[in-house]
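To start, the structure under review is shown below, and the notes come after it.
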Amino acid sequence: AKKEAEAAAKAASEPAKEKKEKKEKPKKEEPVEEPADKTPPGEKKNLDAPMAASYNPINVEAAWDLWWDKNGFFRGDENSSKPPYVIMLPPPNVTGQLHIGHALTSSVQDTIARWRRMKGFNVLWLPGTDHAGIATQVVVEKKIKKDRGISRHELGREKFIEEVWKWKEQYASTILSQLRRMGSSLDWTREAFTMDDKLSKAVLEAFMRLHKEKLIYRAQRLVNWDSQLKSAVSDLEVDYITLEQPEKLTLPGWDRKVDFGLFWEWAYKVEDSDDELVIATTRPETMLGDTAVAVHPEDPRYKSFHGKFCIHPITKRRMPIIQDAELVDMDFGTGAVKITPAHDPNDFVTGQKHKLEFVNILNDDGTLNAACGERYNGMNRWAARYEVIKDLKEQGLYKGQKPNPGMRLGLSSRTKDVIEPVLKPQWWVDCKQMAADACEAVNDGRLRIMPATKKRTWFDWLENIRDWCISRQLWWGHRIPAYYCIFEGEEKIIPKGEDMERWVVAKTLEEAQAAGSAKYPDQTVTVIQDEDVLDTWFSSGLFPFSTLGWPDNTQDLKTFYPNSLLETGHDILFFWVARMVMMGMKLMGTVPFNDVFLHAMVRDAHGRKMSKSLGNVIDPIDVIEGISLDKLQSRLDQGNLDPKEVEKAKQGQKRDFPAGIPQCGADALRFALCAYTSQGRDINLNVLRVEGYRHFANKLWNATKFAMMHLDGFTPASSLPPKASLQTHDRWVLHKLNTAIADADAGMEEFDFAKATTAIYSFFLYDLCDVYLEVSKPILDDKATPAAKASQAVLHTALEQGLRLLHPFMPFVTEELWQRLARTQGDAVSIMVSEYPKFSEDDKDEASEATIQVMQDVVAVCRSMRASYGIKPNLRPALYVRCRTPESLAQVKDQADNIKTLVKAEGVTVLPMDGEVPKGCGLRPVGDWAEVHMVLKGLLDFDAEIAKIEKSIESKTKEIAKLNEQMTAASWAKVPDNVKAATVSKKESSEVELEGLEKALVSFNELKASD
């Protein structure tokens, strides 16, 4: 299958070569541009006009989507008795247009949806978009800054949210139009948005239930703080880099490079003595939050300091010298460790254990706060890094710096700012039991993860899960339904030193007010809602059932939950998939889907991750409709990229798409993406390969056009003629169709899309077009014969079933061509609701396959002979085929006419091995069972051919001698290795060519002698 796939890919990347014959040159005509399709929206396309001269994807793909939708073909029926098959489209973020990765997702899912629909399932493929809290807020904030020169804070929360909704309406409609353009057969009547009323109701209910079970709780803990976003981010939104040596990094919001990958060392003086403890850190600025120094209780160097204090040289804070055998390694560094409980995960645990003071030194924007003293209050943390060192030097406490190889540094995946561990009161989800349940579901088979290699990753993450911080300090998103109780006389704000007990959770302000008053009956209570919003993944985690109407017990929920399949990229296995499984099992009592198929990531042709700054992000519509380089680059100028990144991106586009992106069509893009998809491997997308599948679609177009000419007036019967009345090639093409059906169906069942596409592609290109149509042409030319009528029936069946086989991958061109074929009474009105072809044992015919294989072997040898002898296409040599066995003799005799047609021979005489052949023939063996004699006498001037070959031999001999001279020269030793390798390769190639020329000379001399 792999070799077939590679062959198919190679063939598809080249335009189909038309067979050339000398014809009278037609008069030169000016090309006429095909008029655009004028079908009214939702109406069926009128196909009465003759087929266009060539395949035009834009015209072919017009009108069908709206007609399918208007007829209800996309809609899942909640009252159907058919078995349901349910897929949720991973909701794209409303941050902009879809890229080629989204096209992969929609192509694979639509292929599955269409295939299942044709197999008789009640398919629901549900569309939606995600509000994408952080990403959307960031992009709208940038836009407002660029367009108006103001920040969101200057605009205000209410006005800013209005701007985000405008953005959402604009880009959600763009996204949905892109999906429709790609042929996505989504149930648009059930389109969802994570912040619409139905889904927002589900979010509220989920929060309330989990809080009631004490799985959602309020706690002050360390969070991953992004100072650019001024928000917490999850562990999964932190990217770690490893620094093997000291580096200066450029960071957002700071105009100077900052040192990383170093240990800085200084001393803390012991109170009331001249003694000191030397510590080391990678983050000098955090010393302003130090509240203790830890040593190992058994370290003899420090036993005399037990129970004493150090004095902070800047804040003058008294810091206890504590003993901690778990935290401190006596043999690492100085054996003394600074403790910053409010800004380090390990120190946080130590601070709790030793009841240390927790001092938060950071403001939300990354500047230092008043706890650091007047000099540092309001200073940027990176400036403070160097100012702290300066102060320590002035006090004589600084000891120097040294490299810290292997240092890991966490960066925000959103802003690339350094993540700061900061102590914040937030809302958390206790995930331990839910994660254990999700692991058990995979172990016992309720949930299947494909490829299976991803199961290990699943367990590694869930078995080590930490509680999930769901608070985000944003304006765009689901506002947390938690309210703080303010007593009469207190300021109407949530204080920084909040009382955790004062929170109440409620669906509405009125319910919260009532809950607060009931909780504190002796107080006059006013409630204030938490300003924060929920992590986007909280609402996304509910998607498989919130979209179906939960918490209401809807018919949709009864029919379509649990879903059948979750198909998505492996990069969001934890972000989304695991959370859906945890939430679904907790709130619905069962896994949200039975199968998880994780496709690979799409990279560019060079294997690089797609990035706007590299200029290699591809809009699928640009591949479908084509775009010039100038238009590609003008888009960069209109975006939010930094001017330096714009120039870099333009260079990347110029290198990758010097002539722009060719028009390929949606069908070709879909087929290419599915053909690329094999489990576990990333996809390096070459647009030229997509263009190759446009040529494949053109081949289909021309094949159908040819068929239509020969099927004029044909009416298909309910069944084919009896097998005994069919010629071998008729039975063979039905056998090959049957094999393709079996392989395509198996590929779809196994989520092996490359297997399915290879089977279908090979059938159309190599079996139907290259063989069957060619050998049928002379038969079909005389429609009155029984053989022609049988061929008509077989051709119609092969084409009609082949188009149905291909439809899930290439919906537009298959509908357009299928609609043009003759029909039987009771046929479906559309190919997309017709039945998927079924494998039939009756259509298996291995004998015909063996016979046609013999024919193809003979044809291959004959074509090789024509090429090697230089026989022009208009010349038709006579052939004699001598066979060694009775079986091969019978098979070649059966196929003599087809051999004649495919080789363009004057005639084919089939003989046993002792049969006589005329003189003046070229001879080639066909395996060990036959030999072909091609009559060359009268076709070639032997003397002229011999003279040409002798001249070529002379030239090639001189070339080899010159190369030998280079390789034996004294200067050869100084030649670079790559040049040596190229020279040796060239010599070996030339020697092979010379050997072939010498054999040809012997052959022609023998032919001349026998003449």
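Letters for chains follow the order of the structure tokens (A, B, ...), residue numbers begin at 1 for each chain, and ligand numbers begin at 1 in the order shown.
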Mind checking which residues fall within 9 Å of Lys987 of chain A, counting only C-alpha atoms, ignoring those fewer than 6 positions away in the same chain, and posting them as a PyMOL selection string?
chain A and resi 959-960+963-964
I need the residues from that last selection saved to file as an mmCIF file, in the first residue's frame (with C-alpha atoms), if you can.
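Done, and the output landed in again-v2.cif:
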```cif
data_model
loop_
_atom_site.group_PDB
_atom_site.id
_atom_site.type_symbol
_atom_site.label_atom_id
_atom_site.label_comp_id
_atom_site.auth_asym_id
_atom_site.auth_seq_id
_atom_site.Cartn_x
_atom_site.Cartn_y
_atom_site.Cartn_z
ATOM 1 C CA GLU A 959 33.316 12.094 -21.219
ATOM 2 C CA ILE A 960 34.270 9.078 -19.051
ATOM 3 C CA LEU A 963 36.264 12.198 -15.585
ATOM 4 C CA ASN A 964 38.885 9.466 -15.020
#
```
Taking only residues of segment 238-289 of chain A that have an atom at most 7 Å from an atom of segment 298-321 of chain A, what is each one's shortest atom pair and its distance in Å to one decimal, using only C-alpha atoms, in chain and number order, as a Markdown table?
```
| residue | atom | partner | partner_atom | distance |
| --- | --- | --- | --- | --- |
| A:Tyr268 | CA | A:Cys310 | CA | 6.1 |
| A:Lys269 | CA | A:Cys310 | CA | 5.5 |
| A:Val270 | CA | A:Cys310 | CA | 4.3 |
| A:Glu271 | CA | A:Cys310 | CA | 5.2 |
```
Can I get the selected residues back with C-alpha atoms, as an mmCIF file, in the first residue's frame?
```cif
data_model
loop_
_atom_site.group_PDB
_atom_site.id
_atom_site.type_symbol
_atom_site.label_atom_id
_atom_site.label_comp_id
_atom_site.auth_asym_id
_atom_site.auth_seq_id
_atom_site.Cartn_x
_atom_site.Cartn_y
_atom_site.Cartn_z
ATOM 1 C CA TYR A 268 22.650 37.614 53.677
ATOM 2 C CA LYS A 269 24.046 38.896 56.981
ATOM 3 C CA VAL A 270 23.096 37.011 60.121
ATOM 4 C CA GLU A 271 21.382 39.283 62.652
#
```
What gap, in Å, lies between atom CA of Glu931 of chain A and atom CA of Ser1010 of chain A?
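Atom CA of Glu931 of chain A sits 18.2 Å away from atom CA of Ser1010 of chain A.
Atom CA of Trp264 of chain A lies 6.3 Å from atom CA of Thr282 of chain A.
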Give me every helix (DSSP H, G or I) residue in segment 689-877 of chain A, going by DSSP on the backbone, as a PyMOL selection string.
chain A and resi 689-710+723-725+728-749+753-780+786-806+811-818+831-833+841-843+846-869
Distance of atom CA of Leu288 of chain A from atom CA of Lys399 of chain A, expressed in Å to one decimal place:
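For atom CA of Lys399 of chain A relative to atom CA of Leu288 of chain A, the distance reads 17.5 Å.
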Find the residues near Gly253 of chain A: any atom within 10 Å, counting only C-alpha atoms, skip ones fewer than 5 places away on the same chain, and give them as an MDAnalysis selection string.
chainID A and resid 227:228 365:366 380 417
Pick out the residues sitting within 6 Å of segment 63-77 of chain A, and hand them over as a ChimeraX atom specification; count only C-alpha atoms, and ignore anything fewer than 4 positions along from it in its own chain.
/A:42-44,122-124,185-187
Quick one: everything within 8 Å of His735 of chain A, counting only C-alpha atoms, minus sequence neighbours fewer than 6 positions away in the same chain. Send it as a list in words.
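Skipping anything fewer than 6 positions along the chain leaves Asp843, Lys844, Asp845, Glu846 and Glu849 of chain A.
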Store the residues picked out above in a file with N, CA and C atoms, as a CSV table (one decimal), in the first residue's frame.
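Everything below was put into out-v6.csv:
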```csv
chain,number,residue,atom,x,y,z
A,843,ASP,N,-18.4,-10.3,-7.6
A,843,ASP,CA,-17.6,-9.5,-8.5
A,843,ASP,C,-16.1,-9.8,-8.4
A,844,LYS,N,-15.7,-10.7,-7.5
A,844,LYS,CA,-14.3,-11.1,-7.4
A,844,LYS,C,-14.0,-11.9,-8.6
A,845,ASP,N,-12.9,-11.6,-9.3
A,845,ASP,CA,-12.5,-12.4,-10.5
A,845,ASP,C,-11.0,-12.4,-10.6
A,846,GLU,N,-10.4,-13.3,-9.9
A,846,GLU,CA,-8.9,-13.3,-9.9
A,846,GLU,C,-8.3,-13.8,-11.2
A,849,GLU,N,-8.0,-10.9,-13.5
A,849,GLU,CA,-6.9,-10.0,-13.0
A,849,GLU,C,-5.6,-10.6,-13.5
```
Using only C-alpha atoms, find the one residue out of A:Lys644, A:His354, A:Arg221, A:Lys212 that sits nearest to Ala506 of chain A.
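The closest residue to Ala506 of chain A is A:Lys212.
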Tell me which of A:Pro722, A:Val429, A:Phe714, A:Ala784 sits closest to Phe207 of chain A, counting only C-alpha atoms.
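For Phe207 of chain A, the nearest of the candidates is A:Val429.
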From a DSSP pass on the backbone, collect the residues of segment 158-378 of chain A flagged as strand (DSSP E or B) and hand them back as a PyMOL selection string.
chain A and resi 192-193+216-226+231-233+238-243+247-249+258-260+262-270+276-281+292-295+309-311+318-323+336-339+362+367-368
